[in-house]
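Source file: protein.cif; contents: mmCIF, C-alpha atoms and all ligand atoms.
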data_run
loop_
_atom_site.label_atom_id
_atom_site.label_comp_id
_atom_site.auth_asym_id
_atom_site.auth_seq_id
_atom_site.Cartn_x
_atom_site.Cartn_y
_atom_site.Cartn_z
CA ILE A 281 -0.76 1.97 -25.17
CA TYR A 282 0.26 4.97 -23.08
CA ILE A 283 -1.55 5.65 -19.80
CA LEU A 284 -1.24 8.89 -17.87
CA ALA A 285 -1.97 7.92 -14.26
CA ILE A 286 -2.87 10.13 -11.32
CA GLU A 287 -2.93 9.21 -7.61
CA SER A 288 -3.98 11.47 -4.72
CA SER A 289 -5.81 9.22 -2.24
CA CYS A 290 -3.79 10.11 0.84
CA ASP A 291 -0.71 12.28 1.32
CA GLU A 292 1.22 11.65 -1.90
CA THR A 293 0.45 13.66 -5.04
CA ALA A 294 1.64 11.40 -7.84
CA ALA A 295 1.57 11.12 -11.64
CA ALA A 296 3.15 8.61 -13.99
CA VAL A 297 3.26 7.62 -17.63
CA VAL A 298 3.13 3.86 -18.16
CA LYS A 299 3.59 2.09 -21.50
CA ASN A 300 1.76 -1.19 -22.13
CA GLY A 301 1.08 -1.67 -18.43
CA ARG A 302 4.51 -2.72 -17.30
CA GLU A 303 6.97 -0.15 -18.62
CA VAL A 304 7.22 2.92 -16.39
CA LEU A 305 8.36 5.94 -18.41
CA SER A 306 8.04 8.34 -15.48
CA ASN A 307 6.93 8.10 -11.86
CA ILE A 308 6.70 11.45 -10.06
CA ILE A 309 5.81 11.53 -6.36
CA SER A 310 5.37 14.69 -4.32
CA SER A 311 5.14 13.59 -0.70
CA GLN A 312 3.56 15.65 2.07
CA ILE A 313 5.01 13.48 4.82
CA ALA A 314 7.24 16.22 6.25
CA LEU A 315 4.21 18.48 6.63
CA HIS A 316 1.97 15.92 8.36
CA THR A 317 4.80 14.84 10.67
CA LEU A 318 4.16 18.08 12.57
CA TYR A 319 0.71 16.72 13.53
CA GLY A 320 1.70 13.08 14.08
CA GLY A 321 -0.48 11.87 11.21
CA VAL A 322 -2.26 12.89 8.02
CA VAL A 323 -4.55 15.93 8.40
CA PRO A 324 -7.20 15.49 5.64
CA GLU A 325 -7.87 19.15 4.87
CA ILE A 326 -4.17 19.97 4.66
CA ALA A 327 -3.71 16.97 2.36
CA SER A 328 -6.42 18.23 -0.03
CA ARG A 329 -4.97 21.73 -0.15
CA LYS A 330 -1.46 20.45 -0.82
CA HIS A 331 -2.73 18.18 -3.62
CA ILE A 332 -4.28 21.24 -5.27
CA GLU A 333 -0.97 23.07 -5.15
CA ALA A 334 1.16 20.17 -6.38
CA ILE A 335 -0.93 18.32 -8.93
CA ASP A 336 -0.42 20.39 -12.11
CA GLY A 337 3.34 20.45 -11.65
CA VAL A 338 3.53 16.75 -10.93
CA ILE A 339 1.55 15.86 -14.07
CA MET A 340 3.58 18.20 -16.24
CA GLN A 341 6.79 16.69 -14.92
CA ALA A 342 5.51 13.14 -15.51
CA LEU A 343 4.75 13.89 -19.19
CA GLN A 344 8.02 15.74 -19.66
CA GLU A 345 10.19 13.05 -18.09
CA ALA A 346 8.44 10.37 -20.13
CA GLY A 347 8.98 12.38 -23.31
CA VAL A 348 5.33 11.82 -24.21
CA THR A 349 2.86 14.55 -25.17
CA LEU A 350 -0.72 14.62 -23.95
CA GLU A 351 -1.84 13.94 -27.54
CA GLU A 352 0.09 10.65 -27.50
CA ILE A 353 -1.64 9.46 -24.31
CA ASP A 354 -4.31 6.77 -24.91
CA ALA A 355 -6.17 6.99 -21.60
CA ILE A 356 -6.20 8.73 -18.23
CA GLY A 357 -6.12 6.40 -15.19
CA VAL A 358 -7.00 7.80 -11.79
CA THR A 359 -7.55 6.54 -8.26
CA TYR A 360 -11.20 7.15 -7.30
CA GLY A 361 -11.24 5.20 -4.01
CA PRO A 362 -10.72 4.19 -1.31
CA GLY A 363 -8.99 7.02 0.54
CA LEU A 364 -9.63 10.49 1.94
CA VAL A 365 -12.57 11.93 0.00
CA GLY A 366 -11.18 15.46 -0.26
CA ALA A 367 -7.82 14.14 -1.39
CA LEU A 368 -9.34 11.75 -3.95
CA LEU A 369 -11.51 14.52 -5.43
CA VAL A 370 -8.47 16.61 -6.35
CA GLY A 371 -6.91 13.88 -8.51
CA LEU A 372 -10.27 12.82 -9.91
CA ALA A 373 -11.37 16.34 -10.89
CA GLU A 374 -7.99 16.90 -12.53
CA ALA A 375 -8.20 13.60 -14.43
CA LYS A 376 -11.73 14.39 -15.64
CA ALA A 377 -10.69 17.86 -16.78
CA ILE A 378 -7.78 16.43 -18.77
CA ALA A 379 -9.91 13.61 -20.20
CA PHE A 380 -12.55 16.14 -21.29
CA ALA A 381 -10.17 18.75 -22.67
CA ALA A 382 -7.92 16.27 -24.51
CA ASN A 383 -10.79 13.94 -25.45
CA LYS A 384 -9.25 10.84 -23.86
CA PRO A 385 -10.99 7.90 -22.17
CA LEU A 386 -11.14 8.00 -18.37
CA ILE A 387 -10.48 4.90 -16.26
CA GLY A 388 -11.15 4.92 -12.51
CA VAL A 389 -8.82 2.66 -10.54
CA HIS A 390 -9.20 1.08 -7.11
CA HIS A 391 -6.22 2.16 -5.00
CA ILE A 392 -5.62 -1.34 -3.60
CA GLU A 393 -5.80 -2.88 -7.08
CA GLY A 394 -3.03 -0.41 -7.88
CA HIS A 395 -0.93 -1.63 -4.95
CA ILE A 396 -1.37 -5.23 -6.13
CA CYS A 397 -0.53 -4.38 -9.76
CA ALA A 398 2.77 -2.83 -8.63
CA ASN A 399 3.99 -6.44 -8.81
CA TYR A 400 3.69 -6.51 -12.61
CA ILE A 401 6.08 -3.62 -13.17
CA GLU A 402 9.51 -5.05 -12.38
CA ASN A 403 8.62 -8.71 -12.60
CA LYS A 404 7.71 -8.92 -16.30
CA ASP A 405 6.65 -12.59 -16.28
CA PHE A 406 4.54 -12.35 -13.14
CA GLU A 407 0.93 -13.27 -13.92
CA PRO A 408 -2.22 -14.42 -12.13
CA PRO A 409 -3.25 -16.61 -10.43
CA TYR A 410 -1.48 -15.77 -7.18
CA MET A 411 -2.08 -14.99 -3.51
CA ALA A 412 -1.53 -11.34 -2.59
CA LEU A 413 -0.84 -10.04 0.88
CA VAL A 414 -1.88 -6.38 0.88
CA VAL A 415 -0.53 -4.55 3.90
CA SER A 416 -0.78 -0.78 3.90
CA GLY A 417 -1.70 2.19 6.06
CA GLY A 418 -5.42 1.44 5.85
CA HIS A 419 -5.68 -2.18 4.73
CA SER A 420 -4.58 -5.71 5.62
CA HIS A 421 -6.07 -8.06 3.06
CA LEU A 422 -5.34 -11.57 1.89
CA VAL A 423 -6.45 -11.51 -1.72
CA TYR A 424 -6.69 -14.35 -4.20
CA ALA A 425 -6.09 -12.89 -7.66
CA SER A 426 -7.47 -15.44 -10.11
CA ASP A 427 -6.95 -13.25 -13.18
CA TYR A 428 -6.20 -9.64 -14.15
CA GLY A 429 -8.80 -7.49 -12.41
CA LYS A 430 -10.39 -10.51 -10.66
CA TYR A 431 -9.98 -10.53 -6.92
CA GLU A 432 -11.42 -12.50 -4.04
CA ILE A 433 -10.78 -11.18 -0.54
CA LEU A 434 -10.16 -14.21 1.70
CA GLY A 435 -9.28 -12.31 4.85
CA ARG A 436 -9.11 -8.80 6.21
CA THR A 437 -8.23 -7.04 9.43
CA ARG A 438 -10.94 -6.91 12.08
CA ASP A 439 -9.48 -3.78 13.65
CA ASP A 440 -6.23 -1.98 12.84
CA ALA A 441 -4.39 -2.31 9.53
CA ALA A 442 -0.79 -3.53 9.72
CA GLY A 443 0.62 -0.11 8.80
CA GLU A 444 -1.67 1.55 11.32
CA ALA A 445 -0.29 -0.77 14.03
CA TYR A 446 3.26 0.20 13.06
CA ASP A 447 2.34 3.89 13.19
CA LYS A 448 0.60 3.60 16.57
CA VAL A 449 3.34 1.54 18.21
CA ALA A 450 5.94 3.99 16.92
CA ARG A 451 4.04 6.78 18.63
CA VAL A 452 3.96 4.82 21.92
CA ILE A 453 7.73 4.42 21.90
CA GLY A 454 8.31 8.00 20.74
CA MET A 455 9.50 7.40 17.19
CA GLY A 456 7.17 9.75 15.33
CA TYR A 457 5.26 9.54 12.03
CA PRO A 458 5.27 7.58 9.80
CA GLY A 459 6.17 4.78 12.16
CA GLY A 460 6.74 1.93 9.71
CA PRO A 461 10.18 2.92 8.38
CA LYS A 462 11.29 4.06 11.86
CA ILE A 463 10.35 0.74 13.51
CA ASP A 464 11.94 -1.15 10.62
CA ALA A 465 15.25 0.67 11.23
CA ALA A 466 15.06 0.49 15.05
CA ALA A 467 14.29 -3.25 14.96
CA LYS A 468 17.64 -3.89 13.29
CA LYS A 469 19.32 -2.78 16.53
CA GLY A 470 17.03 -4.80 18.79
CA ASN A 471 16.41 -8.40 19.84
CA PRO A 472 13.20 -9.86 18.34
CA THR A 473 12.92 -12.44 21.14
CA ALA A 474 13.51 -9.98 24.01
CA ILE A 475 9.81 -9.46 24.78
CA LYS A 476 7.09 -12.04 24.20
CA PHE A 477 4.20 -10.19 22.53
CA PRO A 478 1.08 -12.14 21.42
CA ARG A 479 0.71 -13.69 17.95
CA VAL A 480 -2.95 -13.31 17.03
CA PHE A 481 -3.96 -16.05 14.58
CA LEU A 482 -7.70 -15.96 15.48
CA GLU A 483 -9.82 -19.06 14.71
CA GLU A 484 -8.13 -22.10 13.20
CA ASN A 485 -9.29 -21.55 9.62
CA SER A 486 -9.62 -17.78 9.58
CA TYR A 487 -7.63 -15.68 7.14
CA ASP A 488 -8.56 -12.52 9.05
CA PHE A 489 -6.08 -10.39 10.97
CA SER A 490 -6.24 -8.49 14.25
CA PHE A 491 -3.52 -6.13 15.40
CA SER A 492 -5.20 -4.06 18.10
CA GLY A 493 -4.44 -6.64 20.83
CA LEU A 494 -0.77 -6.56 19.93
CA LYS A 495 -0.82 -2.76 19.98
CA SER A 496 -2.39 -2.84 23.49
CA ALA A 497 0.18 -5.40 24.63
CA VAL A 498 2.98 -3.02 23.61
CA LEU A 499 1.25 -0.11 25.37
CA ASN A 500 0.73 -2.19 28.55
CA TYR A 501 4.33 -3.34 28.49
CA VAL A 502 5.62 0.23 28.20
CA ASN A 503 3.31 1.47 30.99
CA LYS A 504 4.29 -1.40 33.29
CA GLN A 505 7.99 -0.78 32.74
CA LYS A 506 7.52 2.91 33.45
CA MET A 507 5.53 2.20 36.63
CA MET A 508 8.27 -0.08 37.90
CA GLY A 509 10.86 2.52 37.00
CA ALA A 510 12.44 -0.09 34.74
CA GLU A 511 14.41 0.64 31.63
CA ILE A 512 12.59 0.73 28.26
CA ASN A 513 14.61 -0.45 25.28
CA PRO A 514 12.83 0.91 22.18
CA TYR A 515 14.97 -1.24 19.87
CA ASP A 516 13.91 -4.47 21.60
CA ILE A 517 10.28 -3.34 21.63
CA ALA A 518 10.43 -2.49 17.90
CA ALA A 519 12.10 -5.82 17.05
CA SER A 520 9.75 -7.90 19.21
CA PHE A 521 6.63 -6.14 17.94
CA GLN A 522 7.75 -6.49 14.33
CA GLN A 523 8.54 -10.19 14.82
CA SER A 524 5.01 -10.78 16.06
CA VAL A 525 3.44 -8.95 13.10
CA VAL A 526 5.63 -10.65 10.52
CA GLU A 527 5.09 -14.18 11.90
CA VAL A 528 1.32 -13.80 11.60
CA LEU A 529 1.44 -12.19 8.13
CA VAL A 530 3.78 -14.83 6.71
CA GLY A 531 2.02 -17.75 8.43
CA LYS A 532 -1.43 -16.81 7.15
CA THR A 533 -0.25 -16.01 3.62
CA ILE A 534 1.54 -19.34 3.21
CA LYS A 535 -1.45 -21.22 4.62
CA ALA A 536 -3.87 -19.43 2.29
CA ALA A 537 -1.68 -20.23 -0.73
CA LYS A 538 -1.47 -23.91 0.25
CA ASP A 539 -5.23 -24.13 0.92
CA ARG A 540 -5.96 -22.61 -2.50
CA GLY A 541 -3.32 -24.64 -4.28
CA VAL A 542 -1.45 -21.61 -5.66
CA ASN A 543 2.33 -21.51 -5.74
CA LYS A 544 2.80 -17.79 -6.36
CA ILE A 545 2.74 -15.05 -3.74
CA ALA A 546 2.79 -11.27 -4.14
CA LEU A 547 3.35 -8.59 -1.50
CA ALA A 548 1.70 -5.19 -1.82
CA GLY A 549 1.23 -1.92 0.08
CA GLY A 550 3.50 0.31 2.14
CA VAL A 551 4.28 -2.36 4.76
CA ALA A 552 5.57 -4.62 1.96
CA SER A 553 8.66 -2.41 2.03
CA ASN A 554 9.38 -3.71 5.55
CA SER A 555 12.72 -5.50 5.51
CA ALA A 556 11.78 -8.18 8.07
CA LEU A 557 8.56 -9.06 6.21
CA ARG A 558 10.46 -9.28 2.92
CA ASP A 559 13.16 -11.52 4.43
CA GLU A 560 10.79 -13.85 6.30
CA MET A 561 8.45 -14.19 3.32
CA LYS A 562 11.42 -14.96 1.06
CA GLY A 563 12.60 -17.69 3.46
CA ALA A 564 9.12 -19.20 3.78
CA CYS A 565 8.55 -19.20 0.00
CA GLU A 566 11.92 -20.83 -0.65
CA LYS A 567 11.02 -23.56 1.83
CA GLU A 568 7.67 -24.19 0.12
CA GLY A 569 9.01 -23.84 -3.41
CA PHE A 570 6.72 -20.86 -4.05
CA GLN A 571 7.48 -18.03 -6.45
CA LEU A 572 7.52 -14.67 -4.65
CA SER A 573 7.10 -11.17 -6.06
CA ILE A 574 7.86 -8.04 -4.03
CA PRO A 575 7.97 -4.60 -5.65
CA SER A 576 10.86 -2.23 -4.91
CA PRO A 577 10.07 -0.12 -1.83
CA ILE A 578 9.29 2.97 -3.95
CA LEU A 579 6.56 0.97 -5.76
CA CYS A 580 5.18 -0.42 -2.46
CA THR A 581 4.23 2.94 -0.95
CA ASP A 582 1.79 5.22 -2.78
CA ASN A 583 2.72 6.07 -6.37
CA ALA A 584 0.98 6.54 -9.72
CA ALA A 585 2.94 3.96 -11.73
CA MET A 586 0.96 1.21 -10.01
CA ILE A 587 -2.28 3.03 -10.91
CA GLY A 588 -1.13 3.24 -14.55
CA CYS A 589 -0.44 -0.50 -14.57
CA ALA A 590 -3.87 -1.32 -13.12
CA ALA A 591 -5.56 1.12 -15.55
CA TYR A 592 -3.87 -0.62 -18.50
CA TYR A 593 -5.44 -3.99 -17.65
CA GLU A 594 -8.81 -2.29 -17.07
CA TYR A 595 -8.35 -0.58 -20.45
CA LEU A 596 -7.75 -3.96 -22.14
CA ALA A 597 -10.87 -5.30 -20.41
CA GLY A 598 -12.86 -2.44 -21.97
CA VAL A 599 -13.46 -0.41 -18.83
CA ARG A 600 -14.28 3.26 -19.56
CA ASP A 601 -15.73 5.69 -17.04
CA GLY A 602 -17.96 8.67 -17.63
CA LEU A 603 -17.24 12.24 -16.63
CA ASP A 604 -19.78 11.77 -13.82
CA LEU A 605 -17.41 9.35 -12.02
CA ASN A 606 -17.39 10.26 -8.34
CA ALA A 607 -14.85 9.63 -5.60
CA ASN A 608 -15.79 6.71 -3.35
CA PRO A 609 -13.87 6.77 -0.05
CA SER A 610 -15.03 3.26 0.88
CA LEU A 611 -14.87 1.60 -2.55
CA LYS A 612 -14.68 -2.21 -2.30
CA LEU A 613 -12.05 -4.17 -4.21
CA GLY A 614 -13.51 -5.79 -7.32
CA GLU A 615 -16.58 -3.50 -7.36
CA ARG A 616 -17.22 -0.55 -9.64
P1 LIG A 701 -3.99 2.49 1.90
O1 LIG A 701 -3.10 2.06 0.79
O2 LIG A 701 -4.48 1.37 2.74
O3 LIG A 701 -5.06 3.42 1.45
P2 LIG A 701 -1.88 4.33 2.53
O4 LIG A 701 -1.96 4.60 1.07
O5 LIG A 701 -1.83 5.44 3.48
O6 LIG A 701 -3.08 3.37 2.92
P3 LIG A 701 0.62 3.11 1.94
O7 LIG A 701 1.18 4.34 1.34
O8 LIG A 701 0.36 1.97 1.07
O9 LIG A 701 -0.67 3.40 2.82
O10 LIG A 701 1.57 2.68 3.10
C1 LIG A 701 1.87 3.53 4.16
C2 LIG A 701 2.02 2.67 5.38
O11 LIG A 701 3.16 1.81 5.21
C3 LIG A 701 2.27 3.47 6.66
O12 LIG A 701 1.46 2.93 7.69
C4 LIG A 701 3.75 3.23 6.93
O13 LIG A 701 4.07 3.28 8.31
C5 LIG A 701 3.93 1.83 6.38
N1 LIG A 701 5.33 1.56 6.02
C6 LIG A 701 6.10 2.22 5.12
N2 LIG A 701 7.36 1.72 5.10
C7 LIG A 701 7.38 0.71 6.04
C8 LIG A 701 8.37 -0.19 6.52
N3 LIG A 701 9.62 -0.16 6.05
N4 LIG A 701 8.02 -1.07 7.49
C9 LIG A 701 6.74 -1.10 7.96
N5 LIG A 701 5.78 -0.29 7.55
C10 LIG A 701 6.08 0.62 6.61
MG MG A 702 1.26 7.94 2.23
FE FE A 703 -1.75 3.13 -0.38
#

Could you rewrite the structure in this file as structure tokens?
Ligand code: ATP
Ligand code: MG
Ligand code: FE
Amino acid sequence: IYILAIESSCDETAAAVVKNGREVLSNIISSQIALHTLYGGVVPEIASRKHIEAIDGVIMQALQEAGVTLEEIDAIGVTYGPGLVGALLVGLAEAKAIAFAANKPLIGVHHIEGHICANYIENKDFEPPYMALVVSGGHSHLVYASDYGKYEILGRTRDDAAGEAYDKVARVIGMGYPGGPKIDAAAKKGNPTAIKFPRVFLEENSYDFSFSGLKSAVLNYVNKQKMMGAEINPYDIAASFQQSVVEVLVGKTIKAAKDRGVNKIALAGGVASNSALRDEMKGACEKEGFQLSIPSPILCTDNAAMIGCAAYYEYLAGVRDGLDLNANPSLKLGER
């Protein structure tokens, strides 16, 4: 089964051809990051316009690199939510047009399901059930995946997403957008125990997250140092902030897995490419005897291969969408 997958939920225009769910024949990503960097974040209208310009070329390249013709494609998979509505509509309208013109089934995919399914691509034996930690620019979810396409959200962020916290803290210490990779690199030159920032675990049995207090603590620290005319070491701030985030993410994920009696953990989303999170989670899983799956960094951030993988399992489950499928910017995981 060949899936042509399209992703345009945020600031990456992406297309991929995926064979039987787990074999990526092509994975083309046109990123707008350089453009949005000028504004310190994603500007929705600019994102939509850039998707329009890029999408045909990206799809053509995906088919060409895969060596697969449109006639050979079995279904079109496309992200239809959550994300920026104007950005989603570009990919969705394109997918519908292709599905109609080439007479192929259309399968709408939840963007976060795509992030989770990225784990199936390189790790061929990885299967549900498992506990997934989804940490991206807009989400921080602890998800119990009982089967393909079956998800239960155990915890979520009550304020900022993990990636959002990285991006905001990076701005405070003058590192620019997107902050995640910059903080990751800066932290390697800093001391993670230099500054004691809070670890927010919330109530004893809660799987929820909260990162806005930590973000404020960093802001207060920087302001206080400035007021006292003291030196600000951005490397120590980056390392100490990151340590606080990672301790909470790893602690809650391991606890959730133990509570649910699952011995497999998967990381997903852009923040899953964070080197400290990967290392700490590896250490914790080794200690517990848990199996851990982490996609390569290029499959953690937005891409269409993950959407193709998710669409394949939806295809097997019989999911087919009509040409009236609409974009849903606040689509819930596990709902259609
Ligand atoms: P969502 O998936 O929730 O809709 P999104 O698609 O914008 O949001 P992703 O592309 O999954 O988010 O991830 C982007 C986020 O990942 C950004 O916040 C970015 O700062 C963060 N990120 C990327 N690389 C790293 C890294 N090495 N360390 C920490 N964070 C990172
Ligand atoms: Mg992005
Ligand atoms: Fe994403």

Residue neighbourhood range 558-574 of chain A, 10 Å, all atoms listed in the file, exclusion window fewer than 2 positions, as a ChimeraX atom specification = /A:396,398-400,402-403,406,410-412,523,526-527,529-531,533-534,537-538,542-549,551-556,576-577,579-580

As a quick test: using only C-alpha atoms and all ligand atoms, which residues lie no more than 7 Å away from ligand LIG 701 (chain A)? Give them as a PDB file with C-alpha atoms, in the coordinates of the input.
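Here's the written file result03.pdb:
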ATOM      1  CA  SER A 289      -5.810   9.220  -2.240  1.00  0.00           C
ATOM      2  CA  CYS A 290      -3.790  10.110   0.840  1.00  0.00           C
ATOM      3  CA  PRO A 362     -10.720   4.190  -1.310  1.00  0.00           C
ATOM      4  CA  GLY A 363      -8.990   7.020   0.540  1.00  0.00           C
ATOM      5  CA  HIS A 391      -6.220   2.160  -5.000  1.00  0.00           C
ATOM      6  CA  ILE A 392      -5.620  -1.340  -3.600  1.00  0.00           C
ATOM      7  CA  SER A 416      -0.780  -0.780   3.900  1.00  0.00           C
ATOM      8  CA  GLY A 417      -1.700   2.190   6.060  1.00  0.00           C
ATOM      9  CA  GLY A 418      -5.420   1.440   5.850  1.00  0.00           C
ATOM     10  CA  HIS A 419      -5.680  -2.180   4.730  1.00  0.00           C
ATOM     11  CA  GLY A 443       0.620  -0.110   8.800  1.00  0.00           C
ATOM     12  CA  GLU A 444      -1.670   1.550  11.320  1.00  0.00           C
ATOM     13  CA  TYR A 446       3.260   0.200  13.060  1.00  0.00           C
ATOM     14  CA  ASP A 447       2.340   3.890  13.190  1.00  0.00           C
ATOM     15  CA  PRO A 458       5.270   7.580   9.800  1.00  0.00           C
ATOM     16  CA  GLY A 459       6.170   4.780  12.160  1.00  0.00           C
ATOM     17  CA  GLY A 460       6.740   1.930   9.710  1.00  0.00           C
ATOM     18  CA  PRO A 461      10.180   2.920   8.380  1.00  0.00           C
ATOM     19  CA  ILE A 463      10.350   0.740  13.510  1.00  0.00           C
ATOM     20  CA  ASP A 464      11.940  -1.150  10.620  1.00  0.00           C
ATOM     21  CA  GLY A 549       1.230  -1.920   0.080  1.00  0.00           C
ATOM     22  CA  GLY A 550       3.500   0.310   2.140  1.00  0.00           C
ATOM     23  CA  VAL A 551       4.280  -2.360   4.760  1.00  0.00           C
ATOM     24  CA  ALA A 552       5.570  -4.620   1.960  1.00  0.00           C
ATOM     25  CA  SER A 553       8.660  -2.410   2.030  1.00  0.00           C
ATOM     26  CA  ASN A 554       9.380  -3.710   5.550  1.00  0.00           C
ATOM     27  CA  SER A 555      12.720  -5.500   5.510  1.00  0.00           C
ATOM     28  CA  CYS A 580       5.180  -0.420  -2.460  1.00  0.00           C
ATOM     29  CA  THR A 581       4.230   2.940  -0.950  1.00  0.00           C
ATOM     30  CA  ASP A 582       1.790   5.220  -2.780  1.00  0.00           C
TER      31      ASP A 582
END

For ligand FE 703 (chain A), the closest of A:Pro385, A:Gly361, A:Pro409, A:Gly301 counting all atoms listed in the file is A:Gly361

Residues at most 9 Å from Ala585 in chain A, counting all atoms listed in the file, excluding those fewer than 6 positions away in the same chain, as a compact mmCIF listing (two decimals) with C-alpha atoms, in the frame of the given file?
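Wrote it out as selection23.txt, contents follow:
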# COMPACT_ATOMS: atom_id res chain seq x y z
CA LEU A 284 -1.24 8.89 -17.87
CA ALA A 285 -1.97 7.92 -14.26
CA ILE A 286 -2.87 10.13 -11.32
CA GLU A 287 -2.93 9.21 -7.61
CA ALA A 294 1.64 11.40 -7.84
CA ALA A 295 1.57 11.12 -11.64
CA ALA A 296 3.15 8.61 -13.99
CA VAL A 297 3.26 7.62 -17.63
CA VAL A 298 3.13 3.86 -18.16
CA GLY A 301 1.08 -1.67 -18.43
CA ARG A 302 4.51 -2.72 -17.30
CA GLU A 303 6.97 -0.15 -18.62
CA VAL A 304 7.22 2.92 -16.39
CA LEU A 305 8.36 5.94 -18.41
CA SER A 306 8.04 8.34 -15.48
CA ASN A 307 6.93 8.10 -11.86
CA ILE A 308 6.70 11.45 -10.06
CA GLY A 394 -3.03 -0.41 -7.88
CA ALA A 398 2.77 -2.83 -8.63
CA ILE A 401 6.08 -3.62 -13.17
CA LEU A 579 6.56 0.97 -5.76

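Each of A:Glu292, A:Ser490, A:Gly470, A:Tyr592 was checked against ligand FE 703 (chain A) using only C-alpha atoms and all ligand atoms; the smallest atom-to-atom distance is that of A:Glu292.
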
Expected residue set, 12 Å radius at (2.8, -6.7, 27.3), only C-alpha atoms, as a PDB file with C-alpha atoms, in the frame of the given file:
ATOM      1  CA  ALA A 474      13.510  -9.980  24.010  1.00  0.00           C
ATOM      2  CA  ILE A 475       9.810  -9.460  24.780  1.00  0.00           C
ATOM      3  CA  LYS A 476       7.090 -12.040  24.200  1.00  0.00           C
ATOM      4  CA  PHE A 477       4.200 -10.190  22.530  1.00  0.00           C
ATOM      5  CA  PRO A 478       1.080 -12.140  21.420  1.00  0.00           C
ATOM      6  CA  ARG A 479       0.710 -13.690  17.950  1.00  0.00           C
ATOM      7  CA  GLY A 493      -4.440  -6.640  20.830  1.00  0.00           C
ATOM      8  CA  LEU A 494      -0.770  -6.560  19.930  1.00  0.00           C
ATOM      9  CA  LYS A 495      -0.820  -2.760  19.980  1.00  0.00           C
ATOM     10  CA  SER A 496      -2.390  -2.840  23.490  1.00  0.00           C
ATOM     11  CA  ALA A 497       0.180  -5.400  24.630  1.00  0.00           C
ATOM     12  CA  VAL A 498       2.980  -3.020  23.610  1.00  0.00           C
ATOM     13  CA  LEU A 499       1.250  -0.110  25.370  1.00  0.00           C
ATOM     14  CA  ASN A 500       0.730  -2.190  28.550  1.00  0.00           C
ATOM     15  CA  TYR A 501       4.330  -3.340  28.490  1.00  0.00           C
ATOM     16  CA  VAL A 502       5.620   0.230  28.200  1.00  0.00           C
ATOM     17  CA  ASN A 503       3.310   1.470  30.990  1.00  0.00           C
ATOM     18  CA  LYS A 504       4.290  -1.400  33.290  1.00  0.00           C
ATOM     19  CA  GLN A 505       7.990  -0.780  32.740  1.00  0.00           C
ATOM     20  CA  ILE A 517      10.280  -3.340  21.630  1.00  0.00           C
ATOM     21  CA  SER A 520       9.750  -7.900  19.210  1.00  0.00           C
ATOM     22  CA  PHE A 521       6.630  -6.140  17.940  1.00  0.00           C
TER      23      PHE A 521
END

Would you mind reading off the distance between CA of Leu434 in chain A and CA of Asp488 in chain A, one decimal, in Å?
-> 7.7 Å

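In this comparison, which uses only C-alpha atoms and all ligand atoms, the residue of A:Val348, A:Ala314, A:Leu557, A:Ala355 approaching ligand MG 702 (chain A) most closely is A:Ala314.
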
Please determine the residues with any atom at most 9 Å from (14.6, -4.5, 23.3) (coordinates as given in the file, with all atoms listed in the file counting) and report them as a list in words.
-> Ala467, Lys469, Gly470, Asn471, Pro472, Thr473, Ala474, Ile475, Ile512, Asn513, Pro514, Tyr515, Asp516, Ile517, Ala518, Ala519 and Ser520 of chain A

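Separating CA of Phe489 in chain A from CA of Arg616 in chain A is a distance of 25.4 Å.
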
Atoms are missing here; could range 377-386 of chain A be completed with N, CA and C atoms and written as a short mmCIF file (atom, residue, chain, number, x, y, z; two decimals), in the coordinates of the input?
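Output below, filename part07.cif:
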data_model
loop_
_atom_site.label_atom_id
_atom_site.label_comp_id
_atom_site.auth_asym_id
_atom_site.auth_seq_id
_atom_site.Cartn_x
_atom_site.Cartn_y
_atom_site.Cartn_z
N ALA A 377 -10.93 16.65 -15.98
CA ALA A 377 -10.69 17.86 -16.78
C ALA A 377 -9.77 17.55 -17.96
N ILE A 378 -8.72 16.78 -17.69
CA ILE A 378 -7.78 16.43 -18.77
C ILE A 378 -8.47 15.53 -19.80
N ALA A 379 -9.22 14.54 -19.31
CA ALA A 379 -9.91 13.61 -20.20
C ALA A 379 -10.88 14.37 -21.11
N PHE A 380 -11.58 15.34 -20.54
CA PHE A 380 -12.55 16.14 -21.29
C PHE A 380 -11.85 17.05 -22.31
N ALA A 381 -10.84 17.77 -21.82
CA ALA A 381 -10.17 18.75 -22.67
C ALA A 381 -9.40 18.08 -23.81
N ALA A 382 -8.75 16.95 -23.51
CA ALA A 382 -7.92 16.27 -24.51
C ALA A 382 -8.69 15.16 -25.23
N ASN A 383 -9.94 14.97 -24.84
CA ASN A 383 -10.79 13.94 -25.45
C ASN A 383 -10.17 12.54 -25.35
N LYS A 384 -9.85 12.16 -24.12
CA LYS A 384 -9.25 10.84 -23.86
C LYS A 384 -10.17 10.04 -22.95
N PRO A 385 -10.19 8.71 -23.09
CA PRO A 385 -10.99 7.90 -22.17
C PRO A 385 -10.48 8.02 -20.73
N LEU A 386 -11.43 7.91 -19.80
CA LEU A 386 -11.14 8.00 -18.37
C LEU A 386 -11.33 6.62 -17.74
#
